[in-house]
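Pasting work_15.cif here (mmCIF, C-alpha atoms):
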```cif
data_run
#
loop_
_atom_site.label_atom_id
_atom_site.label_comp_id
_atom_site.auth_asym_id
_atom_site.auth_seq_id
_atom_site.Cartn_x
_atom_site.Cartn_y
_atom_site.Cartn_z
CA MET A 1 60.82 -51.07 18.39
CA LYS A 2 63.53 -53.54 17.43
CA LEU A 3 64.57 -55.69 20.39
CA ALA A 4 67.49 -58.11 20.64
CA PHE A 5 67.58 -60.92 23.19
CA ILE A 6 70.87 -62.57 24.11
CA ILE A 7 69.76 -66.06 25.14
CA ASP A 8 70.98 -69.60 25.40
CA PRO A 9 70.39 -71.64 22.22
CA ILE A 10 66.69 -71.22 21.54
CA HIS A 11 66.06 -74.94 21.00
CA GLN A 12 67.12 -75.49 24.62
CA LEU A 13 64.51 -73.12 26.04
CA ASP A 14 61.19 -74.28 27.49
CA PRO A 15 58.49 -71.97 26.09
CA CYS A 16 56.10 -72.96 28.88
CA HIS A 17 58.52 -71.91 31.62
CA ASP A 18 61.21 -69.61 30.27
CA THR A 19 60.87 -65.92 31.09
CA SER A 20 62.93 -64.93 28.04
CA VAL A 21 60.32 -66.54 25.79
CA ALA A 22 57.52 -64.80 27.69
CA LEU A 23 59.22 -61.43 27.18
CA MET A 24 59.80 -62.10 23.49
CA GLU A 25 56.17 -63.16 23.05
CA ALA A 26 54.99 -59.98 24.75
CA ALA A 27 57.17 -57.84 22.48
CA GLN A 28 55.87 -59.60 19.38
CA THR A 29 52.23 -59.35 20.49
CA LEU A 30 52.68 -55.60 21.09
CA GLY A 31 53.94 -55.15 17.54
CA HIS A 32 57.72 -55.04 17.94
CA GLU A 33 60.48 -56.85 16.04
CA VAL A 34 62.17 -59.62 18.04
CA TRP A 35 65.72 -60.72 17.27
CA ILE A 36 67.85 -63.29 19.06
CA THR A 37 71.55 -63.89 19.46
CA GLN A 38 73.91 -65.75 21.80
CA ALA A 39 76.85 -64.66 23.92
CA ASN A 40 79.29 -66.41 21.57
CA TRP A 41 77.79 -64.53 18.60
CA LEU A 42 78.81 -61.11 19.95
CA HIS A 43 81.65 -59.09 18.39
CA ILE A 44 83.41 -55.75 18.62
CA VAL A 45 83.97 -54.09 15.24
CA ASP A 46 85.35 -50.54 15.01
CA SER A 47 84.92 -50.22 18.78
CA LYS A 48 81.20 -50.97 18.60
CA ALA A 49 79.23 -54.01 19.76
CA TRP A 50 77.90 -56.17 16.94
CA ALA A 51 76.08 -59.50 16.91
CA ILE A 52 74.97 -62.22 14.57
CA LEU A 53 71.20 -61.82 14.82
CA LYS A 54 68.24 -63.89 13.67
CA GLN A 55 64.71 -62.52 13.64
CA VAL A 56 62.34 -64.86 15.43
CA GLU A 57 58.62 -65.38 14.96
CA LEU A 58 56.98 -67.06 17.93
CA VAL A 59 53.81 -69.09 18.29
CA PRO A 60 52.55 -67.92 21.70
CA VAL A 61 51.78 -70.54 24.34
CA GLU A 62 48.18 -71.09 25.36
CA LEU A 63 46.68 -71.85 28.75
CA SER A 64 44.81 -75.16 28.87
CA GLU A 65 43.41 -76.70 32.06
CA GLY A 66 45.79 -74.67 34.21
CA HIS A 67 48.94 -75.43 32.19
CA TRP A 68 50.80 -73.67 29.42
CA VAL A 69 50.80 -75.57 26.13
CA ALA A 70 53.24 -74.83 23.31
CA ALA A 71 52.93 -75.46 19.59
CA ASN A 72 55.42 -77.72 17.84
CA PRO A 73 57.39 -76.01 16.40
CA TRP A 74 56.93 -72.95 18.61
CA TYR A 75 59.34 -70.62 16.74
CA HIS A 76 60.61 -69.83 13.25
CA LEU A 77 63.95 -68.13 12.53
CA SER A 78 65.17 -65.91 9.71
CA SER A 79 68.62 -66.07 8.17
CA SER A 80 71.56 -64.71 10.15
CA VAL A 81 72.70 -61.13 9.74
CA LEU A 82 75.69 -59.37 11.33
CA THR A 83 74.31 -56.18 12.89
CA ASN A 84 75.50 -53.24 14.95
CA LEU A 85 73.58 -53.59 18.21
CA GLU A 86 73.05 -49.84 18.33
CA SER A 87 70.51 -50.36 15.54
CA MET A 88 68.32 -52.01 18.20
CA ASP A 89 66.13 -50.03 20.58
CA ALA A 90 67.01 -52.36 23.46
CA VAL A 91 69.14 -55.43 24.15
CA PHE A 92 68.09 -57.93 26.82
CA MET A 93 71.01 -59.85 28.36
CA ARG A 94 69.28 -63.14 29.25
CA THR A 95 72.05 -65.75 29.16
CA ASP A 96 71.75 -68.11 32.12
CA PRO A 97 74.50 -68.24 34.76
CA PRO A 98 77.07 -69.27 35.81
CA VAL A 99 78.84 -65.95 35.42
CA ASN A 100 81.99 -67.52 33.99
CA ASP A 101 84.64 -66.08 31.67
CA SER A 102 82.39 -66.38 28.63
CA TYR A 103 79.58 -64.56 30.40
CA LEU A 104 81.87 -61.81 31.67
CA TYR A 105 83.44 -61.26 28.24
CA ALA A 106 79.94 -60.87 26.79
CA THR A 107 79.22 -58.10 29.30
CA TYR A 108 82.49 -56.38 28.33
CA ILE A 109 81.37 -56.40 24.69
CA LEU A 110 78.01 -54.92 25.71
CA ASP A 111 79.89 -52.04 27.36
CA TYR A 112 80.54 -50.82 23.80
CA ILE A 113 76.86 -50.05 23.24
CA ASP A 114 75.95 -46.38 23.62
CA GLN A 115 73.05 -46.61 26.06
CA SER A 116 71.76 -43.20 25.01
CA LYS A 117 70.88 -45.00 21.75
CA THR A 118 70.20 -48.57 22.88
CA LEU A 119 69.11 -49.60 26.37
CA VAL A 120 70.84 -52.73 27.73
CA ILE A 121 68.75 -54.71 30.24
CA ASN A 122 70.39 -55.33 32.61
CA ASN A 123 73.30 -52.90 32.48
CA PRO A 124 76.49 -54.94 31.95
CA HIS A 125 78.39 -53.00 34.60
CA GLY A 126 75.56 -53.60 37.04
CA ILE A 127 75.55 -57.33 36.28
CA ARG A 128 79.26 -57.55 37.01
CA LYS A 129 78.78 -55.60 40.22
CA ALA A 130 75.86 -57.66 41.47
CA ASN A 131 76.91 -61.17 42.37
CA GLU A 132 73.53 -62.71 43.01
CA LYS A 133 74.48 -63.90 46.50
CA MET A 134 76.75 -61.05 47.60
CA TYR A 135 74.72 -58.07 46.36
CA ALA A 136 72.14 -58.54 49.11
CA LEU A 137 74.76 -58.04 51.85
CA GLN A 138 74.66 -54.24 51.51
CA PHE A 139 71.03 -54.23 52.68
CA THR A 140 71.85 -55.22 56.24
CA GLN A 141 68.38 -54.49 57.62
CA CYS A 142 66.86 -56.95 55.14
CA ILE A 143 69.05 -60.06 55.34
CA PRO A 144 69.45 -62.98 57.78
CA THR A 145 72.69 -63.32 59.76
CA THR A 146 75.32 -64.11 57.15
CA ILE A 147 79.06 -64.59 56.66
CA VAL A 148 81.20 -65.10 53.57
CA SER A 149 84.45 -67.01 54.12
CA SER A 150 86.72 -69.75 52.85
CA ASP A 151 88.21 -70.38 56.30
CA LYS A 152 87.06 -73.61 57.92
CA GLN A 153 87.46 -72.35 61.48
CA VAL A 154 85.52 -69.14 60.79
CA ILE A 155 82.73 -71.19 59.23
CA ARG A 156 82.77 -73.69 62.11
CA GLU A 157 82.41 -70.96 64.72
CA PHE A 158 79.52 -69.40 62.82
CA VAL A 159 77.71 -72.73 62.42
CA GLU A 160 78.18 -73.54 66.11
CA ALA A 161 76.77 -70.13 67.04
CA GLN A 162 73.76 -70.50 64.76
CA GLY A 163 73.11 -74.20 65.24
CA ALA A 164 71.67 -74.67 61.75
CA THR A 165 72.84 -72.90 58.58
CA ILE A 166 72.63 -72.90 54.80
CA LEU A 167 75.89 -72.99 52.82
CA LYS A 168 75.79 -71.49 49.31
CA PRO A 169 78.45 -71.40 46.59
CA LEU A 170 78.71 -67.81 45.34
CA GLY A 171 78.62 -68.57 41.62
CA ASN A 172 75.96 -71.23 41.17
CA LYS A 173 72.32 -70.97 40.12
CA ALA A 174 68.98 -72.72 40.61
CA GLY A 175 69.91 -74.14 44.01
CA GLU A 176 73.02 -75.92 42.76
CA GLY A 177 75.48 -76.82 45.53
CA ILE A 178 73.36 -75.41 48.37
CA LEU A 179 73.80 -77.47 51.52
CA PHE A 180 72.17 -77.68 54.94
CA LEU A 181 74.96 -77.53 57.53
CA GLN A 182 74.44 -77.79 61.26
CA SER A 183 76.53 -77.91 64.40
CA GLY A 184 77.93 -81.37 65.10
CA ASP A 185 77.62 -82.59 61.50
CA ARG A 186 80.18 -85.40 61.15
CA ASN A 187 80.64 -84.42 57.50
CA PHE A 188 81.47 -80.80 58.39
CA ASN A 189 85.12 -80.90 57.32
CA SER A 190 84.39 -82.64 54.02
CA ILE A 191 81.48 -80.34 53.20
CA VAL A 192 83.54 -77.20 53.79
CA GLU A 193 86.62 -78.55 51.99
CA LEU A 194 84.60 -79.50 48.92
CA SER A 195 82.57 -76.30 48.87
CA THR A 196 85.58 -73.99 49.33
CA HIS A 197 87.90 -76.01 47.06
CA GLN A 198 90.22 -76.66 49.99
CA ASN A 199 89.85 -73.19 51.52
CA GLN A 200 90.57 -71.38 48.24
CA VAL A 201 87.10 -70.11 47.29
CA PRO A 202 84.76 -68.26 49.66
CA VAL A 203 81.22 -69.45 50.25
CA MET A 204 78.21 -67.82 51.84
CA VAL A 205 76.91 -69.30 55.09
CA GLN A 206 73.55 -68.04 56.29
CA GLN A 207 71.40 -68.50 59.36
CA TYR A 208 68.84 -71.23 58.60
CA LEU A 209 65.33 -69.79 58.43
CA PRO A 210 62.73 -72.36 59.56
CA GLU A 211 60.14 -70.33 57.62
CA ALA A 212 61.68 -71.85 54.47
CA LYS A 213 59.34 -74.79 55.04
CA ALA A 214 56.48 -72.42 54.17
CA GLY A 215 58.17 -71.43 50.92
CA ASP A 216 60.76 -69.23 49.22
CA LYS A 217 59.09 -66.22 47.63
CA ARG A 218 60.25 -64.84 44.26
CA ILE A 219 59.34 -61.19 43.68
CA ILE A 220 59.87 -59.61 40.26
CA LEU A 221 60.95 -55.96 40.27
CA LEU A 222 60.80 -53.65 37.26
CA ASN A 223 62.81 -50.45 37.63
CA GLY A 224 62.79 -51.05 41.40
CA GLU A 225 59.02 -51.60 41.67
CA PRO A 226 57.47 -55.01 42.49
CA ILE A 227 55.18 -56.21 39.69
CA GLY A 228 54.51 -59.84 40.63
CA SER A 229 55.35 -62.68 42.99
CA LEU A 230 55.07 -66.42 43.49
CA ASN A 231 55.85 -68.82 46.31
CA ARG A 232 58.14 -71.77 45.67
CA LEU A 233 57.69 -74.88 47.79
CA SER A 234 60.04 -77.83 48.18
CA SER A 235 59.11 -81.22 46.80
CA GLY A 236 59.30 -82.73 50.29
CA SER A 237 62.33 -84.86 49.51
CA ASP A 238 64.61 -81.78 49.25
CA PHE A 239 64.98 -78.80 51.60
CA ARG A 240 65.50 -76.49 48.60
CA ASN A 241 62.48 -74.69 47.18
CA ASN A 242 63.90 -73.94 43.71
CA MET A 243 61.77 -74.88 40.72
CA ALA A 244 64.88 -76.41 39.13
CA THR A 245 65.15 -78.87 42.03
CA GLY A 246 61.58 -80.10 41.72
CA GLY A 247 59.85 -77.45 43.77
CA THR A 248 56.25 -76.47 43.09
CA VAL A 249 54.77 -72.98 42.89
CA ALA A 250 51.78 -71.35 44.54
CA LYS A 251 49.95 -68.06 44.35
CA THR A 252 50.98 -65.50 46.95
CA GLU A 253 50.77 -61.84 47.90
CA ILE A 254 53.51 -59.36 48.69
CA THR A 255 53.49 -58.58 52.42
CA PRO A 256 54.13 -55.16 53.99
CA ARG A 257 57.57 -56.39 55.14
CA GLU A 258 58.40 -57.47 51.59
CA GLN A 259 57.25 -54.09 50.30
CA GLU A 260 59.75 -52.53 52.74
CA ILE A 261 62.51 -54.72 51.30
CA CYS A 262 61.62 -53.63 47.76
CA VAL A 263 61.72 -49.98 48.80
CA ALA A 264 65.12 -50.50 50.46
CA LEU A 265 66.54 -51.94 47.22
CA ALA A 266 64.86 -49.71 44.66
CA GLU A 267 67.19 -46.72 44.41
CA LYS A 268 70.36 -48.84 44.42
CA LEU A 269 68.98 -51.10 41.68
CA ARG A 270 68.18 -48.06 39.54
CA GLN A 271 71.64 -46.57 40.14
CA ASP A 272 73.25 -49.82 38.96
CA GLY A 273 71.02 -50.12 35.89
CA LEU A 274 69.40 -53.32 37.19
CA MET A 275 65.94 -52.85 35.73
CA PHE A 276 64.55 -56.39 35.58
CA VAL A 277 65.36 -58.24 38.80
CA GLY A 278 64.05 -61.17 40.82
CA ILE A 279 64.58 -61.12 44.57
CA ASP A 280 64.17 -64.12 46.87
CA VAL A 281 62.61 -63.67 50.30
CA ILE A 282 62.17 -66.23 53.10
CA GLY A 283 60.31 -65.39 56.29
CA GLY A 284 60.65 -61.67 55.68
CA TYR A 285 64.39 -61.82 54.93
CA LEU A 286 66.11 -61.07 51.62
CA THR A 287 68.30 -64.01 50.60
CA GLU A 288 69.28 -63.30 46.96
CA VAL A 289 69.07 -60.65 44.25
CA ASN A 290 68.87 -62.27 40.80
CA VAL A 291 70.03 -60.01 37.97
CA THR A 292 71.36 -62.26 35.20
CA SER A 293 68.23 -63.97 33.85
CA PRO A 294 65.59 -63.87 36.58
CA THR A 295 62.68 -66.17 35.90
CA GLY A 296 59.19 -66.82 37.21
CA ILE A 297 56.83 -64.71 35.10
CA ARG A 298 55.27 -67.68 33.28
CA GLU A 299 54.22 -69.06 36.66
CA ILE A 300 53.04 -65.66 37.95
CA ASP A 301 50.97 -65.15 34.79
CA ARG A 302 49.40 -68.60 35.09
CA LEU A 303 48.56 -68.27 38.78
CA ASN A 304 47.21 -64.72 38.62
CA ASN A 305 45.82 -64.37 35.08
CA VAL A 306 48.16 -61.45 34.36
CA LYS A 307 50.72 -60.58 31.68
CA ILE A 308 53.95 -59.54 33.35
CA GLY A 309 55.78 -59.56 30.01
CA ASP A 310 53.38 -56.94 28.66
CA GLN A 311 54.12 -54.72 31.66
CA VAL A 312 57.85 -54.94 30.96
CA ILE A 313 57.56 -54.15 27.26
CA LYS A 314 55.08 -51.29 27.83
CA TRP A 315 57.49 -49.83 30.40
CA LEU A 316 60.24 -50.07 27.79
CA GLU A 317 58.04 -48.30 25.27
CA THR A 318 57.77 -45.33 27.64
CA LYS A 319 61.55 -45.31 28.13
CA LYS A 320 62.14 -45.16 24.36
CA GLN A 321 59.65 -42.37 23.60
#
```
Show me, as structure tokens, the structure contained in the file I just sent.
Amino acid sequence: MKLAFIIDPIHQLDPCHDTSVALMEAAQTLGHEVWITQANWLHIVDSKAWAILKQVELVPVELSEGHWVAANPWYHLSSSVLTNLESMDAVFMRTDPPVNDSYLYATYILDYIDQSKTLVINNPHGIRKANEKMYALQFTQCIPTTIVSSDKQVIREFVEAQGATILKPLGNKAGEGILFLQSGDRNFNSIVELSTHQNQVPVMVQQYLPEAKAGDKRIILLNGEPIGSLNRLSSGSDFRNNMATGGTVAKTEITPREQEICVALAEKLRQDGLMFVGIDVIGGYLTEVNVTSPTGIREIDRLNNVKIGDQVIKWLETKKQ
């Protein structure tokens, strides 16, 4: 197969952590061509999606004393070539959030790929539909008590009723802008005004789950089925468990309750073309559904001696037969 990956500039990626690199390595190891491009290298020509592509040859990371180690340099690139993306067997949309204008326009360009010829992972329409905070709200049996509002009084009443809450901007990633907000906080007005841009932009406010102290579980789903998980733990100086905020990771198992959550999501994810997804679960409650560039498989592989990337590419092989 010929696979194209839409990524952030490759020199900015961390081969020991980045899931995109793990997927590309798996594709290369299994004998497929790997090409890369960027969102700003996409074009529409004659009503078809094209891209400036570079073939990449990767030096796979190696596990040494419990840590991934990368070569230097860890990749080599070919010359650029302008290519119709329908000449690829699949295109992975792996640009990191935020989902800003540039990101959205890239998904509109990807709409011009005939998916009967070239599979786009994840489906651009599905990505636009699935705000990573809001998408979870349709699974009411799975989520903690939650509101979305830009109104200070509505937020105040909710916080007073709950006592302790978590406030989340709807468009951020990696724990950015997430705040702990509790009843009686003297900074309440300022926090809400800053987060909502003076009551102009809605935010999510969620019941605080004390179980967060025991970790924030990331579960990777492939075509609606869980294929791996890890537990993320805060550094101790921060209530957030995100790896990007200094959190650590630990081996974990998927509980029966978490299996129920996966089953509840599966059919809807398939309907929306969201094939490679990372969900976040705290204390048996779904908190987010990550569809843009979910990460975590390097850590899952290291902790469990598995190859999640191989599972993804082998699944794709069956889809393209």
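Candidate residues A:Leu286, A:Met93, A:Val312, A:Leu303 were compared for distance to Trp68 in chain A, and the nearest is A:Leu303, using all atoms listed in the file.
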For Pro73 in chain A, work out the shell of residues within 10 Å, counting all atoms listed in the file and skipping chain neighbours fewer than 2 positions away, then give it as number ranges by chain.
A: 11, 58-59, 70-71, 75-76
Around all the atoms of range 262-279 of chain A listed in the file, draw an axis-aligned box and extend it by 6 Å on each of the six sides; I want its centre and edge lengths in Å to one decimal, as JSON.
```
{"center_x": 67.4, "center_y": -53.9, "center_z": 43.0, "size_x": 23.6, "size_y": 26.6, "size_z": 26.9}
```
What's the 8 Å shell around Asn131 in chain A, counting all atoms listed in the file, without same-chain residues fewer than 4 positions away, as a list in words?
Ile127, Tyr135, Leu170 and Gly171 of chain A
Taking the file as I've supplied it (selection: the PyMOL selection byres ((chain A and resi 126) around 10)), which residues are included? Please answer as a list in words.
Thr107, Ile121, Asn122, Asn123, Pro124, His125, Ile127, Arg128, Lys129, Ala130, Asn131, Leu269, Arg270, Gln271, Asp272, Gly273, Leu274, Met275, Val291 and Thr292 of chain A
Go ahead and dump the residues you just picked, C-alpha atoms, as a short mmCIF file (atom, residue, chain, number, x, y, z; two decimals), in the frame of the given file.
```cif
data_model
loop_
_atom_site.label_atom_id
_atom_site.label_comp_id
_atom_site.auth_asym_id
_atom_site.auth_seq_id
_atom_site.Cartn_x
_atom_site.Cartn_y
_atom_site.Cartn_z
CA THR A 107 79.22 -58.10 29.30
CA ILE A 121 68.75 -54.71 30.24
CA ASN A 122 70.39 -55.33 32.61
CA ASN A 123 73.30 -52.90 32.48
CA PRO A 124 76.49 -54.94 31.95
CA HIS A 125 78.39 -53.00 34.60
CA ILE A 127 75.55 -57.33 36.28
CA ARG A 128 79.26 -57.55 37.01
CA LYS A 129 78.78 -55.60 40.22
CA ALA A 130 75.86 -57.66 41.47
CA ASN A 131 76.91 -61.17 42.37
CA LEU A 269 68.98 -51.10 41.68
CA ARG A 270 68.18 -48.06 39.54
CA GLN A 271 71.64 -46.57 40.14
CA ASP A 272 73.25 -49.82 38.96
CA GLY A 273 71.02 -50.12 35.89
CA LEU A 274 69.40 -53.32 37.19
CA MET A 275 65.94 -52.85 35.73
CA VAL A 291 70.03 -60.01 37.97
CA THR A 292 71.36 -62.26 35.20
#
```
Neighbours of Ile113 in chain A within 8 Å (all atoms listed in the file; same-chain residues fewer than 6 positions away dropped), as a PyMOL selection string?
chain A and resi 48-49+85-86+120
Those same residues, written as a PDB file, keeping the file's coordinate frame with C-alpha atoms?
```pdb
ATOM      1  CA  LYS A  48      81.200 -50.970  18.600  1.00  0.00           C
ATOM      2  CA  ALA A  49      79.230 -54.010  19.760  1.00  0.00           C
ATOM      3  CA  LEU A  85      73.580 -53.590  18.210  1.00  0.00           C
ATOM      4  CA  GLU A  86      73.050 -49.840  18.330  1.00  0.00           C
ATOM      5  CA  VAL A 120      70.840 -52.730  27.730  1.00  0.00           C
TER       6      VAL A 120
END
```
Best match for closeness to Ser87 in chain A among A:Ile44, A:Leu181, A:Leu3, A:Ile109, counting all atoms listed in the file
A:Leu3
Kindly give the distance, in Å, that separates CA of Ala26 in chain A and CA of Gly309 in chain A, rounded to a single decimal.
5.3 Å
All residues 10 Å or closer to range 146-155 of chain A, all atoms listed in the file, same chain fewer than 6 positions away omitted, as a count of residues only
31
Can you work out the spacing between CA of Leu82 in chain A and CA of Trp50 in chain A in Å, to one decimal?
6.8 Å
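The space separating CA of Glu160 in chain A from CA of Cys142 in chain A comes to 22.9 Å.
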List the spatial neighbours of Phe139 in chain A as a PyMOL selection string - criterion: any atom at most 10 Å away, all atoms listed in the file, same-chain residues fewer than 4 positions off excluded.
chain A and resi 135+143+261+264-265+268+286
Reference answer for the PyMOL selection byres ((chain A and resi 79) around 10), as a compact mmCIF listing (two decimals) with C-alpha atoms, in the coordinates of the input:
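Generated file (part17.txt):
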```
# COMPACT_ATOMS: atom_id res chain seq x y z
CA ILE A 52 74.97 -62.22 14.57
CA LEU A 53 71.20 -61.82 14.82
CA LYS A 54 68.24 -63.89 13.67
CA GLN A 55 64.71 -62.52 13.64
CA VAL A 56 62.34 -64.86 15.43
CA LEU A 77 63.95 -68.13 12.53
CA SER A 78 65.17 -65.91 9.71
CA SER A 80 71.56 -64.71 10.15
CA VAL A 81 72.70 -61.13 9.74
```
Picked residues, the PyMOL selection byres ((chain A and resi 302) around 12), as number ranges by chain:
A: 16-17, 22, 61-69, 228-230, 249-251, 296-301, 303-308
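Minimum atom-to-atom distances from A:Gln259, A:Ser102, A:Asn72, A:Thr95 to Pro15 in chain A were compared using all atoms listed in the file, and the lowest value belongs to A:Asn72.
Shortest atom-to-atom contact with Trp74 in chain A among A:Glu57, A:Asp114, A:Glu211, A:Glu225: A:Glu57, counting only C-alpha atoms.
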